[in-house]
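K.L.:
Got a structure for you, questions after.
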Amino acid sequence: MFKCAVMIILGGIVGISYLKFKSVEFYGSYCLKVLLGAILILLILQIIRKVTIGNKVLAFLGSISYDVYLLHRIVFEITAYILSGTNSGLFIWTSVVLTVLLAVLVKMASGIIIRWIGENQCLKMFREKN
């Protein structure tokens, strides 16, 4: 827990420093971005260490990850067209939520179709034998 708190504090300091000085051109600007990225990655790794492998949320996200990968570009393009001129926070949240919802729907629909095809194939093979 202590390591997570230290990483959060370091990330906050570097993040605030970046936001304060990003309009100023200096040599450390790029280094500040790299440092912030490294701190965030270390924080995520520290948090993941505390999460058990059998977590249901992670299992769910793992089951839809390929669907999210396939659908995210389409959803981002449609969202950018519909929400043109809005702030980036609204765009990102809308895109993520729509992508996950669409991925869940595709996963459920593909499961139903695969079961239906499997049942019909089994019935067809059974009828052919009799």
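Identifiers for the structure tokens are assigned positionally: chains receive A, B, ... in sequence, residues are indexed from 1 per chain, and ligands are indexed from 1 in the order shown.
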What lies within 12 Å of Leu105 in chain A using only C-alpha atoms, ignoring chain neighbours under 5 positions off, as JSON, numbers by chain?

P.N.:
{"A": [64, 67, 68, 71, 98, 99, 100, 110, 111, 112]}

K.L.:
Could you list, as a list in words, every residue within 12 Å of Ile78 in chain A, counting only C-alpha atoms and ignoring same-chain residues fewer than 4 positions away?

P.N.:
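The neighbour list is Leu71, His72, Arg73, Ile74, Ile82, Leu83, Ser84, Phe91, Thr94, Ser95, Leu98 and Thr99 of chain A.
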
K.L.:
Would you save the residues from that selection as a CSV table (one decimal), in the first residue's frame, using C-alpha atoms?

P.N.:
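Printed below is result_23.csv as written:
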```csv
chain,number,residue,atom,x,y,z
A,71,LEU,CA,-14.6,-2.5,-32.9
A,72,HIS,CA,-12.7,0.4,-31.3
A,73,ARG,CA,-11.7,2.1,-34.5
A,74,ILE,CA,-15.2,2.0,-36.0
A,82,ILE,CA,-21.3,12.7,-34.1
A,83,LEU,CA,-19.5,14.6,-31.3
A,84,SER,CA,-17.4,16.9,-33.4
A,91,PHE,CA,-15.3,12.0,-26.6
A,94,THR,CA,-18.4,8.1,-24.8
A,95,SER,CA,-16.1,6.1,-27.1
A,98,LEU,CA,-19.9,2.6,-26.5
A,99,THR,CA,-17.0,0.3,-27.5
```

K.L.:
Which distance in Å separates CA of Gly15 in chain A and CA of Trp93 in chain A, to one decimal?

P.N.:
20.4 Å

K.L.:
In Å, how far is it from CA of Ile9 in chain A to CA of Ile39 in chain A?

P.N.:
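Calculated distance between CA of Ile9 in chain A and CA of Ile39 in chain A is 10.0 Å.
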
K.L.:
What does the distance from CA of Leu43 in chain A to CA of Ile92 in chain A come to in Å, to one decimal?

P.N.:
21.6 Å

K.L.:
Find the spatial neighbours of Ser65 in chain A, counting only C-alpha atoms, within a cut-off of 12 Å - ignore same-chain residues fewer than 3 positions away - and output them as an mmCIF file with N, CA and C atoms, in the first residue's frame.

P.N.:
```cif
data_model
loop_
_atom_site.group_PDB
_atom_site.id
_atom_site.type_symbol
_atom_site.label_atom_id
_atom_site.label_comp_id
_atom_site.auth_asym_id
_atom_site.auth_seq_id
_atom_site.Cartn_x
_atom_site.Cartn_y
_atom_site.Cartn_z
ATOM 1 N N LEU A 58 -11.623 -8.814 -14.423
ATOM 2 C CA LEU A 58 -10.544 -9.048 -15.372
ATOM 3 C C LEU A 58 -10.882 -10.188 -16.331
ATOM 4 N N ALA A 59 -11.563 -11.221 -15.840
ATOM 5 C CA ALA A 59 -11.979 -12.321 -16.712
ATOM 6 C C ALA A 59 -12.977 -11.825 -17.760
ATOM 7 N N PHE A 60 -13.904 -10.969 -17.338
ATOM 8 C CA PHE A 60 -14.879 -10.393 -18.277
ATOM 9 C C PHE A 60 -14.180 -9.543 -19.330
ATOM 10 N N LEU A 61 -13.273 -8.670 -18.896
ATOM 11 C CA LEU A 61 -12.545 -7.826 -19.841
ATOM 12 C C LEU A 61 -11.695 -8.666 -20.786
ATOM 13 N N GLY A 62 -11.138 -9.747 -20.279
ATOM 14 C CA GLY A 62 -10.372 -10.643 -21.139
ATOM 15 C C GLY A 62 -11.236 -11.338 -22.168
ATOM 16 N N VAL A 68 -13.312 -5.775 -28.492
ATOM 17 C CA VAL A 68 -12.996 -4.357 -28.298
ATOM 18 C C VAL A 68 -11.933 -3.928 -29.301
ATOM 19 N N TYR A 69 -10.924 -4.767 -29.491
ATOM 20 C CA TYR A 69 -9.854 -4.451 -30.444
ATOM 21 C C TYR A 69 -10.414 -4.271 -31.855
ATOM 22 N N LEU A 70 -11.331 -5.150 -32.250
ATOM 23 C CA LEU A 70 -11.880 -5.072 -33.597
ATOM 24 C C LEU A 70 -12.838 -3.903 -33.784
ATOM 25 N N LEU A 71 -13.541 -3.505 -32.733
ATOM 26 C CA LEU A 71 -14.593 -2.501 -32.858
ATOM 27 C C LEU A 71 -14.160 -1.083 -32.514
ATOM 28 N N HIS A 72 -13.045 -0.920 -31.815
ATOM 29 C CA HIS A 72 -12.726 0.414 -31.281
ATOM 30 C C HIS A 72 -12.536 1.462 -32.373
ATOM 31 N N THR A 99 -17.806 1.405 -27.025
ATOM 32 C CA THR A 99 -17.001 0.279 -27.491
ATOM 33 C C THR A 99 -17.226 -0.948 -26.623
ATOM 34 N N VAL A 100 -17.222 -0.773 -25.309
ATOM 35 C CA VAL A 100 -17.430 -1.914 -24.409
ATOM 36 C C VAL A 100 -18.847 -2.460 -24.565
ATOM 37 N N LEU A 101 -19.849 -1.587 -24.640
ATOM 38 C CA LEU A 101 -21.226 -2.061 -24.818
ATOM 39 C C LEU A 101 -21.399 -2.808 -26.133
ATOM 40 N N LEU A 102 -20.850 -2.274 -27.209
ATOM 41 C CA LEU A 102 -20.952 -2.947 -28.493
ATOM 42 C C LEU A 102 -20.196 -4.272 -28.486
ATOM 43 N N ALA A 103 -19.048 -4.317 -27.823
ATOM 44 C CA ALA A 103 -18.290 -5.563 -27.730
ATOM 45 C C ALA A 103 -19.069 -6.622 -26.964
ATOM 46 N N VAL A 104 -19.748 -6.217 -25.892
ATOM 47 C CA VAL A 104 -20.572 -7.172 -25.131
ATOM 48 C C VAL A 104 -21.711 -7.689 -25.999
ATOM 49 N N VAL A 106 -21.835 -7.883 -29.291
ATOM 50 C CA VAL A 106 -21.277 -8.759 -30.325
ATOM 51 C C VAL A 106 -20.906 -10.107 -29.734
ATOM 52 N N LYS A 107 -20.329 -10.099 -28.547
ATOM 53 C CA LYS A 107 -19.951 -11.355 -27.881
ATOM 54 C C LYS A 107 -21.182 -12.213 -27.596
#
```
